[in-house]
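**Q** Dropping in final-v6.cif, with mmCIF, C-alpha atoms and all ligand atoms.
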data_input
loop_
_atom_site.label_atom_id
_atom_site.label_comp_id
_atom_site.auth_asym_id
_atom_site.auth_seq_id
_atom_site.Cartn_x
_atom_site.Cartn_y
_atom_site.Cartn_z
CA MET A 200 12.06 -5.00 0.74
CA ASN A 201 8.30 -4.92 1.21
CA ILE A 202 6.48 -3.59 4.24
CA HIS A 203 2.91 -4.02 5.51
CA GLU A 204 -0.02 -1.79 4.57
CA HIS A 205 -0.28 -0.36 8.10
CA GLN A 206 3.40 0.58 8.07
CA ALA A 207 3.13 2.14 4.61
CA LYS A 208 0.17 4.21 5.82
CA GLU A 209 2.17 5.52 8.78
CA ILE A 210 4.88 6.72 6.40
CA LEU A 211 2.28 8.31 4.11
CA ARG A 212 0.75 10.09 7.09
CA GLU A 213 4.15 11.38 8.18
CA PHE A 214 4.60 12.91 4.71
CA GLY A 215 1.17 14.59 4.71
CA ALA A 216 -0.95 12.20 2.64
CA PRO A 217 -4.68 11.75 3.41
CA ILE A 218 -4.90 8.61 5.56
CA SER A 219 -7.79 7.60 7.79
CA GLU A 220 -7.56 6.48 11.41
CA GLY A 221 -6.78 2.85 11.99
CA PHE A 222 -4.63 0.57 14.10
CA VAL A 223 -2.88 -2.77 13.89
CA ILE A 224 -3.54 -5.74 16.18
CA PHE A 225 -1.51 -8.89 16.77
CA LYS A 226 -4.24 -10.84 18.61
CA PRO A 227 -8.07 -10.52 18.69
CA GLU A 228 -8.20 -9.23 22.28
CA ASP A 229 -6.14 -6.19 21.27
CA ILE A 230 -9.16 -4.75 19.49
CA ASP A 231 -11.38 -4.02 22.47
CA HIS A 232 -9.71 -1.12 24.21
CA ARG A 233 -8.73 0.58 20.95
CA LEU A 234 -12.15 0.66 19.29
CA LYS A 235 -12.83 4.06 20.84
CA LYS A 236 -10.39 5.46 18.31
CA ILE A 237 -12.91 4.79 15.54
CA ASN A 238 -16.16 6.75 15.42
CA SER A 239 -18.11 4.59 13.02
CA ASN A 240 -19.95 1.38 13.94
CA ASN A 241 -18.82 -0.18 10.66
CA LEU A 242 -15.29 -1.46 10.52
CA VAL A 243 -13.03 -3.21 8.08
CA LEU A 244 -10.60 -5.91 9.17
CA LYS A 245 -7.67 -6.18 6.80
CA ALA A 246 -5.26 -9.10 6.88
CA GLN A 247 -1.71 -7.79 6.84
CA ILE A 248 0.33 -9.98 4.52
CA HIS A 249 2.94 -8.98 1.96
CA ALA A 250 0.63 -9.61 -1.00
CA GLY A 251 -2.22 -7.91 -2.80
CA GLY A 252 -5.47 -9.51 -3.87
CA ARG A 253 -6.64 -9.87 -0.26
CA GLY A 254 -10.09 -8.50 -1.04
CA LYS A 255 -10.87 -11.36 -3.39
CA ALA A 256 -9.40 -13.96 -1.02
CA GLY A 257 -11.40 -13.06 2.11
CA GLY A 258 -8.66 -10.93 3.66
CA VAL A 259 -10.72 -7.70 3.75
CA LYS A 260 -13.85 -8.03 5.86
CA LEU A 261 -16.61 -5.56 6.65
CA VAL A 262 -17.80 -6.07 10.24
CA SER A 263 -19.81 -4.25 12.90
CA LYS A 264 -18.09 -3.10 16.10
CA SER A 265 -19.88 -5.79 18.11
CA ASP A 266 -18.69 -8.59 15.80
CA ALA A 267 -15.14 -7.30 15.47
CA VAL A 268 -13.45 -9.59 18.04
CA LYS A 269 -15.24 -12.71 16.77
CA GLU A 270 -14.36 -11.94 13.13
CA ALA A 271 -10.77 -11.13 14.03
CA LYS A 272 -10.52 -14.54 15.73
CA ASN A 273 -11.65 -16.14 12.46
CA MET A 274 -9.13 -14.21 10.42
CA PHE A 275 -6.03 -14.75 12.59
CA GLY A 276 -4.11 -17.85 11.60
CA LYS A 277 -5.95 -18.24 8.32
CA THR A 278 -3.88 -19.02 5.23
CA LEU A 279 -4.75 -16.56 2.48
CA VAL A 280 -4.13 -17.62 -1.08
CA THR A 281 -4.19 -14.67 -3.49
CA HIS A 282 -2.88 -14.23 -7.02
CA GLN A 283 0.27 -12.78 -5.46
CA THR A 284 1.03 -15.32 -2.71
CA GLY A 285 1.65 -18.46 -4.76
CA PRO A 286 -0.34 -21.64 -4.06
CA GLU A 287 1.07 -22.07 -0.54
CA GLY A 288 -0.52 -18.80 0.58
CA LYS A 289 0.40 -16.62 3.56
CA VAL A 290 -0.70 -16.96 7.19
CA VAL A 291 -2.42 -13.95 8.78
CA LYS A 292 -0.46 -12.84 11.85
CA ARG A 293 -1.56 -9.22 12.11
CA ILE A 294 -4.74 -7.34 11.21
CA TYR A 295 -5.30 -3.68 10.43
CA VAL A 296 -8.57 -2.29 11.79
CA GLN A 297 -10.10 0.68 10.05
CA GLU A 298 -13.38 2.54 9.61
CA ALA A 299 -15.50 1.22 6.72
CA TYR A 300 -16.28 3.94 4.19
CA ASP A 301 -19.11 4.46 1.75
CA ILE A 302 -17.12 4.61 -1.43
CA LEU A 303 -18.19 6.73 -4.38
CA LYS A 304 -15.27 6.02 -6.67
CA GLU A 305 -12.02 3.99 -6.60
CA PHE A 306 -8.91 5.27 -8.39
CA TYR A 307 -5.46 3.81 -8.95
CA LEU A 308 -2.29 5.77 -8.26
CA SER A 309 1.30 4.65 -8.07
CA CYS A 310 4.78 6.13 -8.14
CA LEU A 311 7.84 4.11 -9.08
CA VAL A 312 11.37 4.17 -10.41
CA ASP A 313 11.24 3.75 -14.18
CA ARG A 314 14.56 2.10 -14.95
CA GLU A 315 14.20 2.38 -18.70
CA SER A 316 14.02 6.18 -18.72
CA SER A 317 15.91 6.75 -15.41
CA LYS A 318 12.94 8.81 -14.27
CA ILE A 319 10.18 8.63 -11.70
CA ALA A 320 6.88 7.47 -13.18
CA PHE A 321 3.44 8.26 -11.79
CA ILE A 322 0.71 5.95 -13.01
CA ALA A 323 -2.92 7.01 -12.60
CA SER A 324 -6.22 5.46 -13.59
CA THR A 325 -9.85 6.22 -12.91
CA GLU A 326 -10.50 2.47 -12.86
CA GLY A 327 -8.86 1.56 -9.53
CA GLY A 328 -9.77 -1.28 -7.20
CA VAL A 329 -9.42 -5.02 -7.24
CA ASP A 330 -9.48 -5.40 -11.04
CA ILE A 331 -6.65 -3.06 -12.00
CA GLU A 332 -4.71 -5.92 -13.67
CA SER A 333 -7.49 -6.45 -16.20
CA VAL A 334 -7.77 -2.68 -16.85
CA ALA A 335 -4.05 -2.58 -17.65
CA LYS A 336 -4.49 -5.50 -20.04
CA ASN A 337 -7.79 -4.64 -21.73
CA HIS A 338 -8.03 -0.83 -21.43
CA PRO A 339 -4.51 0.60 -21.46
CA GLU A 340 -6.00 3.90 -22.69
CA LYS A 341 -7.54 4.35 -19.23
CA ILE A 342 -4.10 4.55 -17.65
CA LEU A 343 -2.03 7.74 -17.68
CA THR A 344 1.72 7.64 -17.08
CA THR A 345 3.60 10.84 -16.21
CA LYS A 346 7.39 10.74 -16.05
CA VAL A 347 9.40 13.27 -14.07
CA ASP A 348 13.09 13.74 -13.30
CA PHE A 349 14.80 12.95 -10.01
CA LYS A 350 14.98 16.41 -8.44
CA GLU A 351 14.15 18.45 -5.36
CA LYS A 352 10.56 19.33 -6.07
CA LEU A 353 7.74 18.68 -8.53
CA THR A 354 6.33 21.61 -10.49
CA ASN A 355 2.63 22.49 -10.23
CA ALA A 356 2.20 21.56 -13.89
CA GLU A 357 3.59 18.07 -13.27
CA VAL A 358 1.31 17.50 -10.29
CA ASP A 359 -1.68 18.76 -12.30
CA LYS A 360 -0.89 16.32 -15.06
CA VAL A 361 -0.65 13.32 -12.71
CA ILE A 362 -4.11 13.96 -11.27
CA SER A 363 -5.71 15.27 -14.46
CA LEU A 364 -7.82 12.13 -15.06
CA PHE A 365 -9.43 12.31 -11.64
CA LYS A 366 -11.56 15.45 -12.17
CA PHE A 367 -11.36 16.49 -8.52
CA ASN A 368 -13.09 19.54 -7.03
CA GLU A 369 -10.91 22.28 -5.46
CA THR A 370 -10.84 20.80 -1.93
CA GLN A 371 -10.08 17.33 -3.24
CA LYS A 372 -7.42 18.77 -5.49
CA LYS A 373 -5.60 20.27 -2.52
CA GLU A 374 -5.52 16.87 -0.81
CA ALA A 375 -4.41 15.22 -4.03
CA VAL A 376 -1.54 17.70 -4.45
CA ASN A 377 -0.38 16.83 -0.91
CA LEU A 378 -0.61 13.16 -1.81
CA ILE A 379 1.40 13.44 -5.03
CA ASN A 380 4.12 15.41 -3.25
CA ALA A 381 4.12 12.85 -0.43
CA LEU A 382 4.66 9.98 -2.90
CA PHE A 383 7.47 11.86 -4.65
CA ASN A 384 9.19 12.74 -1.36
CA ILE A 385 8.91 9.22 0.05
CA LEU A 386 10.38 7.77 -3.12
CA ILE A 387 13.40 10.08 -2.87
CA LYS A 388 13.88 10.52 0.87
CA LYS A 389 13.21 6.91 1.89
CA ASP A 390 14.64 5.15 -1.18
CA ALA A 391 11.34 3.54 -2.06
CA SER A 392 11.17 1.90 -5.47
CA LEU A 393 7.38 1.54 -5.64
CA ILE A 394 4.47 3.14 -3.82
CA GLU A 395 1.03 2.00 -4.87
CA ILE A 396 -2.30 3.38 -3.65
CA ASN A 397 -5.04 1.10 -4.89
CA PRO A 398 -7.65 2.14 -4.27
CA LEU A 399 -7.40 5.85 -3.69
CA VAL A 400 -11.05 6.66 -2.99
CA ILE A 401 -13.55 9.46 -2.91
CA THR A 402 -16.10 8.75 -0.19
CA LYS A 403 -19.78 9.65 -0.37
CA SER A 404 -18.92 12.64 1.86
CA GLN A 405 -16.45 13.73 -0.86
CA LYS A 406 -13.31 12.99 1.16
CA ILE A 407 -10.17 11.64 -0.48
CA ILE A 408 -8.53 8.72 1.32
CA CYS A 409 -5.70 6.29 0.57
CA LEU A 410 -7.59 3.08 1.36
CA ASP A 411 -4.79 0.67 0.53
CA ALA A 412 -1.04 1.21 0.34
CA LYS A 413 1.84 -0.88 -0.85
CA MET A 414 5.49 0.13 -0.54
CA ASN A 415 8.64 -1.45 -1.79
CA PHE A 416 12.17 -0.28 -0.93
CA ASP A 417 15.45 -0.58 -2.76
CA ASP A 418 17.41 -3.35 -1.00
CA ASN A 419 20.69 -1.77 -2.05
CA ALA A 420 19.85 1.46 -0.22
CA ILE A 421 18.36 -0.08 2.92
CA PHE A 422 21.68 0.19 4.79
CA ARG A 423 21.23 3.97 4.96
CA ARG A 424 17.57 3.79 6.09
CA PRO A 425 17.64 2.11 9.50
CA GLU A 426 14.09 3.35 10.20
CA ILE A 427 12.88 1.36 7.19
CA GLN A 428 15.02 -1.66 8.04
CA LYS A 429 13.21 -1.85 11.38
CA LEU A 430 9.93 -2.48 9.51
CA ARG A 431 11.17 -5.74 8.03
CA ASP A 432 8.86 -8.69 8.79
CA ILE A 433 10.86 -11.85 8.32
CA ASN A 434 7.66 -13.97 8.59
CA GLU A 435 6.70 -12.70 5.16
CA GLU A 436 9.92 -13.62 3.41
CA ASP A 437 10.86 -16.78 1.61
CA PRO A 438 13.32 -18.88 3.69
CA SER A 439 15.74 -19.19 0.77
CA GLU A 440 15.74 -15.41 0.30
CA ILE A 441 16.40 -14.88 4.02
CA LYS A 442 19.33 -17.26 3.79
CA ALA A 443 20.69 -15.48 0.70
CA LYS A 444 20.41 -12.08 2.40
CA LYS A 445 22.55 -13.32 5.30
CA HIS A 446 25.33 -13.87 2.78
CA ASP A 447 24.74 -10.52 1.04
CA LEU A 448 23.47 -12.16 -2.12
CA ALA A 449 20.80 -10.51 -4.29
CA TYR A 450 18.58 -13.54 -4.83
CA ILE A 451 14.95 -13.69 -5.87
CA LYS A 452 12.98 -16.91 -5.55
CA LEU A 453 10.79 -17.64 -8.56
CA ASP A 454 8.12 -20.31 -9.06
CA GLY A 455 9.06 -23.97 -8.82
CA THR A 456 12.75 -24.72 -8.51
CA ILE A 457 14.01 -21.61 -10.25
CA GLY A 458 15.63 -18.58 -8.63
CA CYS A 459 17.33 -15.48 -9.96
CA MET A 460 20.76 -14.49 -8.66
CA VAL A 461 22.56 -11.47 -10.09
CA ASN A 462 25.62 -10.21 -8.27
P1 LIG B 501 -6.31 -5.81 -1.78
O1 LIG B 501 -5.74 -4.85 -2.78
O2 LIG B 501 -5.26 -6.64 -1.14
O3 LIG B 501 -7.45 -6.61 -2.33
P2 LIG B 501 -7.60 -3.48 -0.54
O4 LIG B 501 -7.19 -2.80 0.70
O5 LIG B 501 -7.34 -2.77 -1.81
O6 LIG B 501 -6.94 -4.94 -0.56
O7 LIG B 501 -9.14 -3.80 -0.40
C1 LIG B 501 -9.89 -4.41 -1.43
C2 LIG B 501 -11.20 -3.66 -1.60
O8 LIG B 501 -11.92 -3.65 -0.36
C3 LIG B 501 -11.04 -2.19 -1.99
O9 LIG B 501 -10.93 -2.03 -3.38
C4 LIG B 501 -12.30 -1.57 -1.42
O10 LIG B 501 -13.37 -1.72 -2.34
C5 LIG B 501 -12.61 -2.44 -0.20
N1 LIG B 501 -12.14 -1.76 1.03
C6 LIG B 501 -10.90 -1.78 1.56
N2 LIG B 501 -10.80 -1.03 2.69
C7 LIG B 501 -12.04 -0.50 2.87
C8 LIG B 501 -12.62 0.40 3.84
N3 LIG B 501 -11.90 0.90 4.85
N4 LIG B 501 -13.93 0.73 3.70
C9 LIG B 501 -14.67 0.22 2.69
N5 LIG B 501 -14.19 -0.61 1.74
C10 LIG B 501 -12.90 -0.98 1.82
MG MG B 502 -5.60 -2.86 -3.01
#
Can you give me the file's structure in the form of structure tokens?
**A**
Amino acid sequence: MNIHEHQAKEILREFGAPISEGFVIFKPEDIDHRLKKINSNNLVLKAQIHAGGRGKAGGVKLVSKSDAVKEAKNMFGKTLVTHQTGPEGKVVKRIYVQEAYDILKEFYLSCLVDRESSKIAFIASTEGGVDIESVAKNHPEKILTTKVDFKEKLTNAEVDKVISLFKFNETQKKEAVNLINALFNILIKKDASLIEINPLVITKSQKIICLDAKMNFDDNAIFRRPEIQKLRDINEEDPSEIKAKKHDLAYIKLDGTIGCMVN
């Protein structure tokens, strides 16, 4: 099961990861009375859909505080077509509002279950951001994978290895250690199967922030995580998958008229 970016960020915050202030709105008027929460005059409106590639499709918009309501009105109801939505796209029904940062560098960091080795894999790259797919294809040497066992706690050496490409200063390193431990703990304690932070950024003021977050949970473990189940957004799911779930079938809709059913 997938959840929205704003929900993933709440979980990351709960586990001690560096997340910036932000809030979710369900209609443009909701912005007004909550803007006080954000100090900066520059905001980012982020369409909340269960798909990446929003930046390139107009789903991440830099706006000033005074234009925020107008721009939110434009974004609500829009159908975003990204490389992950399929040609029919996804309709924007909620927006995450966040401070806009001056970004110095964008990194990629993810943590997932590696079925082949039965381990947890951390994947890190200094070349994060909206073109990570092409980095993976054309510059695989810029991506570092660290595999660790399922266990109680990561060792310092393992954490150091995961973040070794990033060349952080001491303060940043402390934040990064908290982040790596947060990802590891969420994977184990919440039965996540994938957590992806892309980009993880260093701002011009040298702060580390998880600017985007994607989380995926193991459907077969969801029954024991009611707090995660509550985050389900049925609007984002394919109608045939919803129907299959009702009958307890593990079914994944693929392109065209093909689906995958393994039970
Ligand atoms: P997606 O992965 O769906 O395209 P992201 O949240 O990763 O969406 O945003 C795409 C890009 O937009 C980021 O790589 C970053 O450059 C920029 N961006 C996102 N959030 C902010 C922000 N709060 N401040 C400044 N730039 C941002
Ligand atoms: Mg992203």
**Q** Once you count all atoms listed in the file, what closest atom pair and distance in Å to one decimal does each residue of segment 283-350 of chain A within 10 Å of segment 407-425 of chain A have, with rows by chain and rising residue number, as CSV?
**A**
residue,atom,partner,partner_atom,distance
A:Gln297,CA,A:Leu410,CA,9.4
A:Ala299,CA,A:Leu410,CA,9.7
A:Tyr300,CA,A:Leu410,CA,9.2
A:Ile302,CA,A:Ile408,CA,9.9
A:Lys304,CA,A:Ile407,CA,9.8
A:Glu305,CA,A:Leu410,CA,9.2
A:Phe306,CA,A:Cys409,CA,9.6
A:Tyr307,CA,A:Cys409,CA,9.8
A:Leu308,CA,A:Cys409,CA,9.5
A:Ser309,CA,A:Lys413,CA,9.1
A:Cys310,CA,A:Met414,CA,9.7
A:Leu311,CA,A:Asn415,CA,9.2
A:Val312,CA,A:Asp417,CA,9.9
A:Gly328,CA,A:Asp411,CA,9.4
**Q** Can you tell me, as a list in words, what residues are no more than 12 Å from Thr344 of chain A when counting all atoms listed in the file, ignoring any on the same chain fewer than 4 positions away?
**A**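 What passes the distance filter is Tyr307, Leu308, Ser309, Cys310, Leu311, Asp313, Lys318, Ile319, Ala320, Phe321, Ile322, Ala323, Ser324, Ala335, Pro339, Glu340, Glu357, Val358, Lys360, Val361, Ile362, Ser363 and Leu364 of chain A.
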**Q** Any chance you can output those residues with C-alpha atoms as an mmCIF file, keeping the file's coordinate frame?
**A**
data_model
loop_
_atom_site.group_PDB
_atom_site.id
_atom_site.type_symbol
_atom_site.label_atom_id
_atom_site.label_comp_id
_atom_site.auth_asym_id
_atom_site.auth_seq_id
_atom_site.Cartn_x
_atom_site.Cartn_y
_atom_site.Cartn_z
ATOM 1 C CA TYR A 307 -5.460 3.810 -8.950
ATOM 2 C CA LEU A 308 -2.290 5.770 -8.260
ATOM 3 C CA SER A 309 1.300 4.650 -8.070
ATOM 4 C CA CYS A 310 4.780 6.130 -8.140
ATOM 5 C CA LEU A 311 7.840 4.110 -9.080
ATOM 6 C CA ASP A 313 11.240 3.750 -14.180
ATOM 7 C CA LYS A 318 12.940 8.810 -14.270
ATOM 8 C CA ILE A 319 10.180 8.630 -11.700
ATOM 9 C CA ALA A 320 6.880 7.470 -13.180
ATOM 10 C CA PHE A 321 3.440 8.260 -11.790
ATOM 11 C CA ILE A 322 0.710 5.950 -13.010
ATOM 12 C CA ALA A 323 -2.920 7.010 -12.600
ATOM 13 C CA SER A 324 -6.220 5.460 -13.590
ATOM 14 C CA ALA A 335 -4.050 -2.580 -17.650
ATOM 15 C CA PRO A 339 -4.510 0.600 -21.460
ATOM 16 C CA GLU A 340 -6.000 3.900 -22.690
ATOM 17 C CA GLU A 357 3.590 18.070 -13.270
ATOM 18 C CA VAL A 358 1.310 17.500 -10.290
ATOM 19 C CA LYS A 360 -0.890 16.320 -15.060
ATOM 20 C CA VAL A 361 -0.650 13.320 -12.710
ATOM 21 C CA ILE A 362 -4.110 13.960 -11.270
ATOM 22 C CA SER A 363 -5.710 15.270 -14.460
ATOM 23 C CA LEU A 364 -7.820 12.130 -15.060
#
**Q** Step by step, measure atom-to-atom distances between ligand MG 502 (chain B) and each residue using all atoms listed in the file, keep those at most 12 Å, then write them as a PyMOL selection string.
**A** chain A and resi 204+245-256+258-259+281+283+305-309+327-332+394-400+409-414
**Q** Quick one, how far is atom CA of Asn377 of chain A from atom CA of Phe214 of chain A?
**A**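 Spanning atom CA of Asn377 of chain A to atom CA of Phe214 of chain A is a straight-line distance of 8.5 Å.
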**Q** For ligand LIG 501 (chain B), which residue among A:Leu261, A:Ile237, A:Val347, A:Ile385 is the nearest when counting all atoms listed in the file?
**A** A:Leu261
**Q** Using atom CA of Phe349 of chain A and atom CA of Gln206 of chain A as the two end points, give the distance in Å to one decimal.
**A** 24.7 Å
**Q** Closest to Lys366 of chain A among A:Leu234, A:Asn201, A:Thr325, A:Tyr295, using all atoms listed in the file?
**A**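 Closest candidate: A:Thr325.
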**Q** For Ile427 of chain A, which residue among A:Lys388, A:Asp454, A:His338, A:Gln405 is the nearest when counting all atoms listed in the file?
**A**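 For Ile427 of chain A, the nearest of the candidates is A:Lys388.
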**Q** What is the atom CA of Asn241 of chain A to atom CA of Lys264 of chain A distance in Å?
**A**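 One can read the atom CA of Asn241 of chain A to atom CA of Lys264 of chain A distance as 6.2 Å.
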